[in-house]
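Coordinates from input-v6.cif are shown below (mmCIF, C-alpha atoms and all ligand atoms).
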data_final
#
loop_
_atom_site.label_atom_id
_atom_site.label_comp_id
_atom_site.auth_asym_id
_atom_site.auth_seq_id
_atom_site.Cartn_x
_atom_site.Cartn_y
_atom_site.Cartn_z
CA MET A 1 52.19 113.96 -39.78
CA SER A 2 48.98 112.52 -41.04
CA THR A 3 47.74 109.77 -43.27
CA LEU A 4 44.64 110.40 -45.27
CA PRO A 5 43.24 107.21 -46.73
CA ALA A 6 40.99 107.93 -49.69
CA PRO A 7 37.48 108.75 -48.46
CA GLY A 8 35.44 105.58 -48.74
CA ALA A 9 38.44 103.27 -48.44
CA SER A 10 37.10 100.12 -46.83
CA SER A 11 39.56 98.05 -44.86
CA PRO A 12 42.97 99.68 -44.51
CA ALA A 13 45.03 96.48 -44.60
CA ALA A 14 48.37 97.78 -43.41
CA GLY A 15 47.77 100.82 -41.23
CA PRO A 16 50.54 102.83 -39.60
CA THR A 17 52.01 101.92 -36.22
CA VAL A 18 51.72 104.56 -33.55
CA VAL A 19 53.73 104.75 -30.37
CA VAL A 20 51.69 105.88 -27.38
CA ARG A 21 52.82 106.89 -23.91
CA THR A 22 50.60 107.94 -20.99
CA VAL A 23 51.95 109.25 -17.68
CA PRO A 24 50.24 110.80 -14.64
CA LEU A 25 50.14 114.61 -14.59
CA ALA A 26 49.89 116.48 -11.32
CA ALA A 27 49.11 119.96 -12.71
CA THR A 28 45.67 121.34 -11.90
CA ASP A 29 45.28 124.14 -14.45
CA PRO A 30 41.96 124.18 -16.36
CA LEU A 31 42.16 121.66 -19.22
CA LEU A 32 41.15 124.21 -21.84
CA ALA A 33 44.04 126.46 -20.80
CA TYR A 34 46.50 123.93 -22.26
CA LEU A 35 45.21 124.23 -25.82
CA PRO A 36 48.08 125.96 -27.60
CA SER A 37 47.76 129.11 -29.67
CA GLY A 38 48.74 129.35 -33.31
CA ARG A 39 47.52 125.87 -34.31
CA PRO A 40 45.17 125.24 -37.24
CA HIS A 41 41.62 125.31 -35.84
CA ASP A 42 40.92 121.73 -36.89
CA GLU A 43 43.79 120.43 -34.74
CA LEU A 44 42.35 121.76 -31.47
CA LEU A 45 40.34 119.04 -29.76
CA SER A 46 38.13 119.11 -26.73
CA TRP A 47 35.63 117.07 -24.75
CA VAL A 48 35.35 118.83 -21.40
CA ARG A 49 32.67 119.06 -18.72
CA ARG A 50 33.05 120.72 -15.32
CA GLY A 51 36.83 120.80 -15.60
CA GLU A 52 37.23 117.13 -16.48
CA GLY A 53 37.58 115.27 -19.76
CA LEU A 54 40.13 115.48 -22.54
CA VAL A 55 41.84 118.14 -24.60
CA GLY A 56 44.17 117.33 -27.46
CA TRP A 57 46.14 119.01 -30.19
CA GLY A 58 48.14 118.14 -33.25
CA ALA A 59 47.19 115.34 -35.62
CA ALA A 60 49.29 112.17 -35.41
CA LEU A 61 46.72 110.51 -37.71
CA THR A 62 43.48 111.51 -39.36
CA PHE A 63 40.79 109.54 -41.17
CA GLU A 64 37.78 110.52 -43.25
CA SER A 65 34.80 108.50 -44.45
CA ARG A 66 31.54 109.29 -46.19
CA GLY A 67 28.11 107.91 -46.88
CA ALA A 68 26.04 105.22 -45.23
CA ASP A 69 29.15 103.24 -44.18
CA ARG A 70 30.88 106.22 -42.56
CA PHE A 71 30.63 104.73 -39.05
CA ALA A 72 31.64 101.18 -40.02
CA GLU A 73 34.65 102.41 -41.99
CA ALA A 74 35.80 104.63 -39.13
CA GLU A 75 35.41 101.76 -36.68
CA ALA A 76 37.41 99.38 -38.94
CA TRP A 77 40.19 101.93 -39.31
CA TRP A 78 40.30 102.53 -35.58
CA ARG A 79 40.50 98.82 -34.77
CA GLU A 80 43.40 98.44 -37.18
CA ILE A 81 45.26 101.38 -35.61
CA GLY A 82 44.57 99.91 -32.14
CA HIS A 83 45.89 96.46 -33.12
CA ARG A 84 49.15 97.87 -34.39
CA ALA A 85 49.74 100.50 -31.69
CA VAL A 86 52.58 100.16 -29.21
CA VAL A 87 51.20 101.53 -25.95
CA ARG A 88 52.77 102.18 -22.58
CA ASP A 89 50.09 103.45 -20.24
CA ASP A 90 50.89 104.18 -16.59
CA VAL A 91 47.38 105.38 -15.75
CA GLU A 92 45.02 102.84 -17.41
CA ARG A 93 41.58 104.39 -17.24
CA PRO A 94 38.99 105.07 -19.93
CA GLY A 95 40.52 107.89 -21.99
CA THR A 96 44.18 107.04 -21.36
CA GLY A 97 46.49 105.40 -23.91
CA LEU A 98 45.47 105.61 -27.55
CA VAL A 99 42.50 107.95 -28.10
CA CYS A 100 40.80 109.45 -31.13
CA PHE A 101 38.34 112.32 -31.34
CA GLY A 102 35.57 112.07 -33.92
CA SER A 103 32.68 113.87 -35.52
CA PHE A 104 30.16 112.44 -38.01
CA PRO A 105 27.79 114.09 -40.48
CA PHE A 106 24.11 113.84 -39.61
CA ALA A 107 23.06 112.55 -43.05
CA ALA A 108 24.49 109.74 -45.16
CA ASP A 109 24.24 111.97 -48.24
CA SER A 110 26.01 114.98 -46.69
CA ALA A 111 28.73 116.64 -48.72
CA GLU A 112 30.80 116.63 -45.52
CA SER A 113 32.93 113.70 -44.45
CA ALA A 114 33.20 112.04 -41.06
CA ARG A 115 36.44 112.92 -39.30
CA LEU A 116 38.58 111.01 -36.84
CA VAL A 117 41.62 112.78 -35.43
CA VAL A 118 44.28 111.09 -33.30
CA PRO A 119 46.01 113.99 -31.55
CA SER A 120 49.75 114.04 -30.98
CA THR A 121 49.24 115.31 -27.42
CA ILE A 122 46.35 114.76 -25.00
CA VAL A 123 45.85 116.13 -21.51
CA GLY A 124 43.10 114.38 -19.55
CA ARG A 125 41.53 114.57 -16.12
CA ARG A 126 39.03 112.37 -14.37
CA ASP A 127 38.01 112.24 -10.71
CA GLY A 128 40.86 114.65 -10.03
CA GLN A 129 43.49 112.37 -11.61
CA GLY A 130 45.36 114.02 -14.46
CA TRP A 131 47.39 112.46 -17.26
CA LEU A 132 49.41 113.31 -20.32
CA THR A 133 49.48 111.17 -23.46
CA THR A 134 51.75 111.57 -26.46
CA ILE A 135 51.10 109.75 -29.71
CA SER A 136 53.62 109.57 -32.50
CA LEU A 137 54.47 107.69 -35.68
CA ASP A 138 58.12 107.89 -34.70
CA PRO A 139 59.15 104.97 -32.44
CA GLN A 140 62.03 107.09 -31.09
CA LEU A 141 59.67 109.74 -29.84
CA THR A 142 58.75 109.02 -26.26
CA LEU A 143 59.75 112.46 -25.09
CA LEU A 144 57.18 113.76 -22.62
CA GLU A 145 57.42 117.43 -21.93
CA ASN A 146 55.02 118.73 -19.34
CA PRO A 147 52.45 120.81 -21.20
CA SER A 148 52.37 124.50 -20.39
CA VAL A 149 49.42 126.82 -20.06
CA ALA A 150 48.98 128.70 -23.35
CA SER A 151 48.55 132.42 -23.86
CA ASP A 152 44.96 133.68 -23.65
CA PRO A 153 42.94 133.62 -26.88
CA GLU A 154 41.89 136.86 -28.55
CA PRO A 155 38.14 137.49 -28.86
CA PRO A 156 36.53 137.43 -32.30
CA ARG A 157 36.41 140.94 -33.84
CA ASP A 158 33.52 142.76 -35.55
CA VAL A 159 31.21 139.77 -35.71
CA ALA A 160 28.24 140.18 -38.05
CA PHE A 161 25.39 137.70 -38.40
CA ALA A 162 23.53 136.84 -41.60
CA ASP A 163 20.89 134.30 -42.62
CA GLY A 164 22.29 130.99 -43.78
CA ASP A 165 20.53 128.59 -46.16
CA VAL A 166 17.37 128.60 -44.02
CA SER A 167 16.14 132.06 -42.95
CA PRO A 168 13.70 132.40 -40.01
CA ALA A 169 10.87 132.87 -42.55
CA ASP A 170 11.91 129.73 -44.46
CA TYR A 171 12.04 127.93 -41.15
CA ALA A 172 8.53 128.98 -40.11
CA HIS A 173 7.31 127.84 -43.51
CA ALA A 174 9.00 124.43 -43.17
CA VAL A 175 7.54 123.97 -39.67
CA ALA A 176 4.03 124.76 -40.92
CA GLU A 177 4.46 122.22 -43.73
CA ALA A 178 5.78 119.62 -41.26
CA VAL A 179 2.73 120.12 -39.02
CA LYS A 180 0.51 119.44 -42.07
CA ARG A 181 2.44 116.28 -42.90
CA ILE A 182 2.15 115.12 -39.29
CA GLY A 183 -1.60 115.77 -39.50
CA ALA A 184 -1.70 113.64 -42.66
CA GLY A 185 -0.06 110.79 -40.73
CA GLU A 186 3.32 110.79 -42.55
CA VAL A 187 5.34 111.00 -39.32
CA ASP A 188 4.67 111.51 -35.59
CA LYS A 189 7.61 113.85 -35.02
CA VAL A 190 10.25 115.48 -37.20
CA VAL A 191 13.18 117.67 -36.11
CA LEU A 192 13.79 120.64 -38.38
CA ALA A 193 16.82 122.90 -38.16
CA ARG A 194 18.03 126.26 -39.46
CA ASP A 195 21.41 127.98 -39.74
CA LEU A 196 22.96 131.37 -39.10
CA VAL A 197 26.30 132.56 -40.47
CA ALA A 198 28.66 134.61 -38.30
CA THR A 199 31.56 136.43 -39.93
CA ALA A 200 34.40 138.13 -38.03
CA SER A 201 37.08 140.43 -39.39
CA ALA A 202 39.86 137.95 -38.52
CA PRO A 203 40.11 134.17 -37.97
CA ILE A 204 38.03 133.01 -35.01
CA ASP A 205 40.06 131.26 -32.30
CA PRO A 206 38.10 128.16 -31.20
CA ARG A 207 39.83 128.40 -27.81
CA TRP A 208 37.92 131.62 -27.10
CA LEU A 209 34.60 129.93 -27.92
CA LEU A 210 35.43 126.86 -25.80
CA ARG A 211 36.37 128.90 -22.75
CA ARG A 212 33.23 131.01 -22.96
CA LEU A 213 31.02 127.96 -23.40
CA ALA A 214 32.65 126.11 -20.50
CA GLU A 215 32.28 129.15 -18.19
CA ARG A 216 28.57 129.54 -18.84
CA TYR A 217 27.23 126.10 -19.68
CA GLU A 218 28.50 123.81 -16.96
CA ASN A 219 25.75 121.24 -17.62
CA THR A 220 27.12 120.57 -21.10
CA TRP A 221 30.01 118.81 -22.81
CA VAL A 222 32.19 121.43 -24.48
CA PHE A 223 33.59 120.00 -27.69
CA SER A 224 35.86 120.84 -30.57
CA VAL A 225 36.61 118.32 -33.31
CA ALA A 226 37.99 119.21 -36.73
CA GLY A 227 36.51 122.72 -36.66
CA LEU A 228 33.12 121.82 -35.17
CA VAL A 229 32.78 123.66 -31.86
CA GLY A 230 29.95 123.69 -29.34
CA ALA A 231 28.49 122.87 -25.93
CA THR A 232 26.02 120.02 -26.11
CA PRO A 233 23.69 119.16 -23.25
CA GLU A 234 22.80 115.81 -24.89
CA LEU A 235 24.91 112.67 -24.42
CA LEU A 236 24.14 110.16 -27.13
CA VAL A 237 26.07 107.38 -25.40
CA ARG A 238 28.97 106.79 -23.07
CA ARG A 239 30.63 103.41 -22.58
CA ASP A 240 32.71 103.20 -19.47
CA LYS A 241 33.97 99.62 -19.11
CA GLY A 242 30.70 97.66 -18.81
CA LEU A 243 28.42 100.60 -18.08
CA ILE A 244 26.44 102.32 -20.81
CA THR A 245 24.69 105.64 -20.21
CA SER A 246 22.77 108.09 -22.34
CA ARG A 247 21.14 111.45 -21.61
CA VAL A 248 18.07 111.98 -23.76
CA LEU A 249 16.64 115.47 -24.20
CA ALA A 250 13.45 116.52 -25.94
CA GLY A 251 10.86 119.07 -24.89
CA THR A 252 12.12 122.60 -24.46
CA ILE A 253 11.12 125.87 -22.86
CA ARG A 254 12.92 129.20 -23.18
CA ARG A 255 14.14 130.88 -20.00
CA THR A 256 12.93 134.32 -19.15
CA GLY A 257 15.75 135.49 -16.88
CA ASP A 258 13.31 135.73 -13.94
CA ASP A 259 14.01 132.75 -11.63
CA ALA A 260 10.53 132.54 -10.10
CA LYS A 261 8.91 132.64 -13.52
CA ASP A 262 11.39 130.03 -14.80
CA LEU A 263 10.51 127.67 -11.96
CA ALA A 264 6.83 127.94 -12.83
CA LEU A 265 7.71 127.33 -16.48
CA ALA A 266 9.77 124.27 -15.50
CA ALA A 267 6.74 122.87 -13.70
CA SER A 268 4.54 123.49 -16.72
CA LEU A 269 7.13 121.84 -18.99
CA ALA A 270 7.05 118.72 -16.80
CA ARG A 271 3.25 118.60 -17.22
CA SER A 272 2.97 119.61 -20.87
CA SER A 273 1.46 116.73 -22.85
CA LYS A 274 3.02 118.01 -26.11
CA ASP A 275 6.51 118.01 -24.58
CA LEU A 276 6.03 114.75 -22.70
CA GLU A 277 4.89 113.08 -25.90
CA GLU A 278 7.87 114.46 -27.83
CA HIS A 279 10.15 113.31 -25.02
CA GLU A 280 8.66 109.84 -24.92
CA TYR A 281 9.45 109.32 -28.62
CA ALA A 282 13.07 110.24 -28.02
CA VAL A 283 13.51 108.00 -24.95
CA ARG A 284 11.88 105.06 -26.68
CA SER A 285 14.14 105.37 -29.73
CA VAL A 286 17.25 105.32 -27.51
CA ALA A 287 16.07 102.40 -25.36
CA GLU A 288 15.16 100.33 -28.44
CA ALA A 289 18.50 100.94 -30.15
CA LEU A 290 20.52 100.08 -27.02
CA ALA A 291 18.47 96.99 -26.06
CA PRO A 292 20.33 94.45 -28.27
CA HIS A 293 23.65 95.43 -26.64
CA CYS A 294 22.53 95.66 -23.01
CA SER A 295 20.95 94.05 -20.02
CA SER A 296 19.48 95.56 -16.86
CA MET A 297 18.44 98.77 -18.60
CA ASN A 298 17.13 101.45 -16.28
CA VAL A 299 14.75 103.93 -17.90
CA PRO A 300 13.22 106.28 -15.33
CA GLU A 301 9.43 106.55 -15.49
CA ALA A 302 9.35 110.33 -15.73
CA PRO A 303 11.86 112.89 -17.04
CA PHE A 304 13.55 115.59 -14.95
CA VAL A 305 13.96 119.22 -15.99
CA LEU A 306 17.50 120.13 -17.04
CA HIS A 307 18.24 123.83 -16.44
CA LEU A 308 20.59 125.59 -18.84
CA PRO A 309 21.16 129.36 -18.91
CA ASN A 310 19.18 129.77 -22.17
CA VAL A 311 16.59 126.97 -22.13
CA MET A 312 15.20 124.14 -20.01
CA HIS A 313 14.72 120.64 -21.34
CA LEU A 314 12.91 117.52 -20.33
CA ALA A 315 15.72 115.02 -19.73
CA THR A 316 16.03 111.30 -19.05
CA ASP A 317 19.22 109.48 -18.07
CA VAL A 318 19.19 105.90 -19.34
CA ALA A 319 21.70 103.44 -17.84
CA ALA A 320 22.44 99.83 -18.78
CA VAL A 321 25.02 97.07 -18.56
CA SER A 322 26.83 96.12 -21.74
CA VAL A 323 26.46 92.46 -22.80
CA ASP A 324 28.74 92.49 -25.85
CA ASP A 325 31.93 94.18 -26.97
CA ALA A 326 30.19 96.82 -29.10
CA SER A 327 32.37 99.93 -28.92
CA SER A 328 31.02 103.32 -27.91
CA LEU A 329 31.16 104.29 -31.61
CA THR A 330 29.17 101.21 -32.66
CA LEU A 331 26.58 102.14 -30.04
CA ALA A 332 26.53 105.76 -31.21
CA ALA A 333 26.05 104.59 -34.80
CA SER A 334 23.13 102.37 -33.84
CA LEU A 335 21.52 105.24 -31.89
CA HIS A 336 21.94 107.80 -34.66
CA PRO A 337 19.73 109.54 -35.58
CA SER A 338 17.67 109.34 -32.41
CA ALA A 339 14.23 110.92 -32.34
CA ALA A 340 15.83 113.90 -30.57
CA VAL A 341 17.43 115.05 -33.83
CA GLY A 342 15.64 112.98 -36.50
CA GLY A 343 12.08 112.17 -35.57
CA THR A 344 9.65 109.25 -35.43
CA PRO A 345 9.49 106.93 -37.29
CA THR A 346 13.14 107.43 -38.11
CA ALA A 347 13.33 106.65 -41.83
CA ALA A 348 10.25 108.69 -42.78
CA ALA A 349 11.39 111.58 -40.56
CA VAL A 350 14.87 111.63 -42.11
CA ASP A 351 13.30 111.66 -45.60
CA LEU A 352 11.06 114.54 -44.57
CA ILE A 353 14.05 116.48 -43.21
CA GLY A 354 15.74 116.01 -46.60
CA GLU A 355 12.65 117.33 -48.33
CA LEU A 356 11.71 120.25 -46.06
CA GLU A 357 14.94 121.53 -44.55
CA GLN A 358 16.74 122.71 -47.70
CA MET A 359 20.22 122.64 -46.19
CA ASP A 360 23.06 120.20 -45.58
CA ARG A 361 23.39 119.83 -41.81
CA GLY A 362 27.02 118.82 -42.20
CA ARG A 363 28.20 117.47 -38.86
CA TYR A 364 25.59 119.40 -36.83
CA ALA A 365 23.31 116.93 -34.97
CA GLY A 366 25.69 114.05 -35.70
CA PRO A 367 27.69 112.15 -33.07
CA VAL A 368 30.75 113.99 -31.71
CA GLY A 369 33.14 112.73 -29.07
CA TRP A 370 36.06 110.43 -28.40
CA MET A 371 36.98 106.78 -28.07
CA ASP A 372 39.92 104.84 -26.69
CA ALA A 373 41.51 101.63 -28.00
CA HIS A 374 39.20 99.49 -25.83
CA GLY A 375 36.11 101.09 -27.36
CA ASP A 376 35.27 103.05 -24.21
CA GLY A 377 34.36 106.64 -24.93
CA ALA A 378 31.66 109.27 -24.98
CA TRP A 379 29.65 110.59 -27.93
CA GLY A 380 27.39 113.58 -27.67
CA ILE A 381 24.98 114.93 -30.23
CA ALA A 382 26.61 117.95 -31.88
CA LEU A 383 24.03 120.58 -30.84
CA ARG A 384 24.44 124.24 -29.75
CA SER A 385 27.37 124.30 -32.11
CA GLY A 386 28.97 125.88 -35.13
CA ALA A 387 31.17 124.71 -37.97
CA LEU A 388 34.18 126.89 -38.74
CA ASP A 389 34.62 127.32 -42.47
CA PRO A 390 37.68 125.21 -43.37
CA ASP A 391 38.72 127.70 -46.07
CA ASP A 392 37.93 130.86 -44.14
CA PRO A 393 38.17 130.47 -40.34
CA SER A 394 36.80 133.99 -39.85
CA GLN A 395 33.41 132.46 -40.68
CA ILE A 396 31.35 130.02 -38.64
CA THR A 397 27.91 128.56 -39.41
CA LEU A 398 25.69 128.06 -36.35
CA TYR A 399 22.80 125.59 -36.27
CA ALA A 400 19.71 124.99 -34.16
CA GLY A 401 16.68 122.78 -34.53
CA CYS A 402 13.42 121.88 -32.84
CA GLY A 403 11.27 118.79 -32.58
CA ILE A 404 8.02 119.35 -34.46
CA VAL A 405 4.90 117.46 -33.36
CA ALA A 406 1.18 117.82 -34.08
CA GLY A 407 0.74 120.78 -31.71
CA SER A 408 3.77 122.82 -32.87
CA ASP A 409 3.39 126.50 -33.78
CA PRO A 410 5.80 127.93 -36.42
CA GLU A 411 6.48 131.26 -34.64
CA SER A 412 7.17 129.53 -31.30
CA GLU A 413 9.59 127.16 -33.02
CA VAL A 414 11.46 130.10 -34.59
CA ALA A 415 11.73 131.60 -31.08
CA GLU A 416 12.88 128.27 -29.64
CA SER A 417 15.54 127.90 -32.33
CA ASP A 418 16.69 131.48 -31.56
CA ALA A 419 17.07 130.49 -27.90
CA LYS A 420 19.13 127.46 -28.90
CA LEU A 421 21.47 129.72 -30.92
CA ILE A 422 22.23 131.88 -27.86
CA PRO A 423 25.16 129.84 -26.46
CA MET A 424 27.17 130.16 -29.68
CA ARG A 425 26.09 133.76 -30.34
CA ASP A 426 27.21 134.74 -26.86
CA ALA A 427 30.45 132.77 -27.19
CA LEU A 428 31.26 134.89 -30.25
CA ALA A 429 30.89 138.11 -28.26
CA SER A 430 34.00 139.83 -26.96
CA ASP A 431 32.73 141.36 -23.69
C1 LIG B 1 17.85 119.89 -32.30
C2 LIG B 1 18.24 120.54 -31.20
O1 LIG B 1 17.89 120.16 -29.95
C3 LIG B 1 17.12 118.98 -29.74
C4 LIG B 1 15.68 119.27 -29.74
C5 LIG B 1 14.99 119.53 -28.58
C6 LIG B 1 13.53 119.92 -28.62
O2 LIG B 1 12.99 120.07 -29.71
O3 LIG B 1 12.91 120.10 -27.58
C7 LIG B 1 15.65 119.45 -27.34
C8 LIG B 1 16.91 119.02 -27.25
C9 LIG B 1 17.58 118.42 -28.40
O4 LIG B 1 17.35 117.05 -28.42
C10 LIG B 1 19.19 121.68 -31.26
O5 LIG B 1 19.59 122.19 -30.22
O6 LIG B 1 19.57 122.09 -32.37
#
Here is a file; write its structure as structure tokens.
Ligand SMILES: C=C(O[C@@H]1C=C(C(=O)O)C=C[C@H]1O)C(=O)O
Amino acid sequence: MSTLPAPGASSPAAGPTVVVRTVPLAATDPLLAYLPSGRPHDELLSWVRRGEGLVGWGAALTFESRGADRFAEAEAWWREIGHRAVVRDDVERPGTGLVCFGSFPFAADSAESARLVVPSTIVGRRDGQGWLTTISLDPQLTLLENPSVASDPEPPRDVAFADGDVSPADYAHAVAEAVKRIGAGEVDKVVLARDLVATASAPIDPRWLLRRLAERYENTWVFSVAGLVGATPELLVRRDKGLITSRVLAGTIRRTGDDAKDLALAASLARSSKDLEEHEYAVRSVAEALAPHCSSMNVPEAPFVLHLPNVMHLATDVAAVSVDDASSLTLAASLHPSAAVGGTPTAAAVDLIGELEQMDRGRYAGPVGWMDAHGDGAWGIALRSGALDPDDPSQITLYAGCGIVAGSDPESEVAESDAKLIPMRDALASD
């Protein structure tokens, strides 16, 4: 069952009452193996890293919002649901009890809506402790059947790739124009993205993509929310009781496949003034947005190099102590769009994206993640991802973008965006 308040509805006065039950679960099968087959793709939910996290399915409740107030409306709805919920939780950790998954469009003027999904079943694992949560609108329904491992997903068939709204040539052109605008002093940094459309001969099973991504990209959070599927290495914000953390990425180098060469490249990345400058903008934007909600913020002096199979990034882990009751979603909203996906200064960069990019990013580069009824949760930036077409699930649009600064070269940025498309391209392969 689902309720769909009209998009843009402000304060849902009398929301539904959900009945929530969480019990410990001893099973140790991989979380992604529980996702059942035969479900609509937008009801398969995931936030998994190195075998831990949450998977969910079904939709006990859903909510959509649009425009500049999309975060505030989602937060208000969630609070209302939380107030009215009847919860029995025998595990009591962040991620147990009532939980929603969510995904938000990058831009306020996107044609896409923000989506919150409250699954009917969740399987979670943290520090080796597993649990099962069921959520229902029916007060009689407290039946907890142990979840079973589902049948293996079929690989996508006959996948063909085609340019999306922004071809590689369009992209190079937009990057060159952005470099001119940066030279003219309009912005310091702007992140421009492009898209690639993959079409298979039958509906694409998100479970196949998730398993492939989790196998190969263990330094990422593997997500699926309302048809948006990916493996992001960038954590916008996590709130875990009083502790707030964020992993900021900016500054990228492609891997060559030769380990010795890659190590030398990693060292050059850590010394590159272009990349360090780009990184500094991103870290500063995160630290400034978190500051009003935190004390004792720790921002390391220098970034480390995060190694992924396709690229390496300059990375900084920011940690702080929360001083108010701002939820993880409120924090994510105040951080979005960080300089990692927007630019610097933010407002001018977002305007320039609207002018130069010539596509609707949809939920790519927006916050994606989950939140519990206490506001604890984790929100990544929806990168290295694709959006399944809601009307034709045999089609998925992949996205990738790059931070453009004064020294950026259009052809190198096309190559970098190609490298960032690799995780999803490979996940679509059947071998
Ligand atoms: C925009 C993307 O990635 C972002 C841009 C980066 C860069 O330009 O160096 C690095 C990591 C991300 O913050 C993407 O993957 O689509």
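Shortest separation to ligand LIG 1 (chain B) among A:Pro233, A:Pro292, A:Gly185, A:Gly354 occurs at residue A:Pro233, atoms counted being all atoms listed in the file.
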Output the neighbourhood of ligand LIG 1 (chain B) as an mmCIF file with C-alpha atoms, in the frame of the given file, that is, all protein and nucleic acid residues with some atom at most 7 Å from the ligand, counting only C-alpha atoms and all ligand atoms.
data_model
loop_
_atom_site.group_PDB
_atom_site.id
_atom_site.type_symbol
_atom_site.label_atom_id
_atom_site.label_comp_id
_atom_site.auth_asym_id
_atom_site.auth_seq_id
_atom_site.Cartn_x
_atom_site.Cartn_y
_atom_site.Cartn_z
ATOM 1 C CA VAL A 191 13.180 117.670 -36.110
ATOM 2 C CA ALA A 193 16.820 122.900 -38.160
ATOM 3 C CA GLU A 234 22.800 115.810 -24.890
ATOM 4 C CA VAL A 248 18.070 111.980 -23.760
ATOM 5 C CA LEU A 249 16.640 115.470 -24.200
ATOM 6 C CA ALA A 250 13.450 116.520 -25.940
ATOM 7 C CA GLY A 251 10.860 119.070 -24.890
ATOM 8 C CA THR A 252 12.120 122.600 -24.460
ATOM 9 C CA HIS A 313 14.720 120.640 -21.340
ATOM 10 C CA ALA A 340 15.830 113.900 -30.570
ATOM 11 C CA VAL A 341 17.430 115.050 -33.830
ATOM 12 C CA ALA A 365 23.310 116.930 -34.970
ATOM 13 C CA LEU A 383 24.030 120.580 -30.840
ATOM 14 C CA ARG A 384 24.440 124.240 -29.750
ATOM 15 C CA TYR A 399 22.800 125.590 -36.270
ATOM 16 C CA ALA A 400 19.710 124.990 -34.160
ATOM 17 C CA GLY A 401 16.680 122.780 -34.530
ATOM 18 C CA CYS A 402 13.420 121.880 -32.840
ATOM 19 C CA GLY A 403 11.270 118.790 -32.580
ATOM 20 C CA ILE A 404 8.020 119.350 -34.460
ATOM 21 C CA LYS A 420 19.130 127.460 -28.900
#
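The nearest approach to Phe104 in chain A among the residues A:Asp69, A:Asp170, A:Asp324, A:Glu416, with all atoms listed in the file taken into account, belongs to A:Asp69.
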Considering only C-alpha atoms, can you say which of A:Val23, A:Ala169, A:Ile253, A:Ile182 comes closest to Asn310 in chain A? A:Ile253
Please identify every residue of range 227-261 of chain A that has at least one atom no farther than 9 Å from an atom of range 79-97 of chain A, counting only C-alpha atoms, and for each give the shortest atom pair and the distance in Å to one decimal, arranged by chain then increasing number, as a Markdown table.
| residue | atom | partner | partner_atom | distance |
| --- | --- | --- | --- | --- |
| A:Arg239 | CA | A:Pro94 | CA | 8.9 |
| A:Asp240 | CA | A:Pro94 | CA | 6.6 |
| A:Lys241 | CA | A:Pro94 | CA | 7.5 |
Skip Ala59 in chain A itself and residues of its chain fewer than 3 positions away, then list as a CSV table (one decimal) with C-alpha atoms, in the coordinates of the input all residues within 12 Å of it, counting all atoms listed in the file.
chain,number,residue,atom,x,y,z
A,1,MET,CA,52.2,114.0,-39.8
A,2,SER,CA,49.0,112.5,-41.0
A,3,THR,CA,47.7,109.8,-43.3
A,4,LEU,CA,44.6,110.4,-45.3
A,18,VAL,CA,51.7,104.6,-33.6
A,39,ARG,CA,47.5,125.9,-34.3
A,40,PRO,CA,45.2,125.2,-37.2
A,41,HIS,CA,41.6,125.3,-35.8
A,42,ASP,CA,40.9,121.7,-36.9
A,43,GLU,CA,43.8,120.4,-34.7
A,44,LEU,CA,42.4,121.8,-31.5
A,45,LEU,CA,40.3,119.0,-29.8
A,56,GLY,CA,44.2,117.3,-27.5
A,62,THR,CA,43.5,111.5,-39.4
A,63,PHE,CA,40.8,109.5,-41.2
A,99,VAL,CA,42.5,108.0,-28.1
A,100,CYS,CA,40.8,109.4,-31.1
A,101,PHE,CA,38.3,112.3,-31.3
A,115,ARG,CA,36.4,112.9,-39.3
A,116,LEU,CA,38.6,111.0,-36.8
A,117,VAL,CA,41.6,112.8,-35.4
A,118,VAL,CA,44.3,111.1,-33.3
A,119,PRO,CA,46.0,114.0,-31.6
A,120,SER,CA,49.8,114.0,-31.0
A,121,THR,CA,49.2,115.3,-27.4
A,122,ILE,CA,46.4,114.8,-25.0
A,134,THR,CA,51.8,111.6,-26.5
A,135,ILE,CA,51.1,109.8,-29.7
A,136,SER,CA,53.6,109.6,-32.5
A,137,LEU,CA,54.5,107.7,-35.7
A,225,VAL,CA,36.6,118.3,-33.3
A,226,ALA,CA,38.0,119.2,-36.7
In Å and to one decimal, CA of Val368 in chain A is distant from CA of Arg50 in chain A by 17.9 Å
Minimum-distance residue to Gly53 in chain A, chosen among A:Ala111, A:Arg425, A:Trp78, A:Gly369 (using all atoms listed in the file): A:Gly369
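Counting only C-alpha atoms, Gly366 in chain A has the following residues at most 6 Å away, ignoring those fewer than 2 positions along the same chain: Phe104, Pro105, Phe106, Arg363, Tyr364, Ile381 and Ala382 of chain A.
The shortest atom-to-atom distance to Asp372 in chain A, with only C-alpha atoms taken into account, belongs to A:Leu54 out of A:Asp165, A:Thr316, A:Val321, A:Leu54.
Going from CA of Ala33 in chain A to CA of Pro147 in chain A covers 10.1 Å.
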Separation of CA of Ala264 in chain A and CA of Ala315 in chain A, in Å? 17.1 Å
Contact residues around Gly230 in chain A with only C-alpha atoms at 7 Å, ignoring same-chain residues under 4 positions, as a ChimeraX atom specification: /A:222-224,383-386
Among A:Ala68, A:Gly242, A:Asp138, A:Asp275, Gly407 in chain A is approached most closely, using all atoms listed in the file, by A:Asp275
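Taking all atoms listed in the file, the non-local environment of Gln395 in chain A within 7 Å (same-chain residues fewer than 5 positions away omitted) comprises Ala198, Thr199, Ala200, Leu388 and Asp389 of chain A.
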For Ser338 in chain A: contacts at 9 Å, all atoms listed in the file, fewer than 6 positions along chain excluded, given as an MDAnalysis selection string: chainID A and resid 236 282:283 285:286 289 344 346
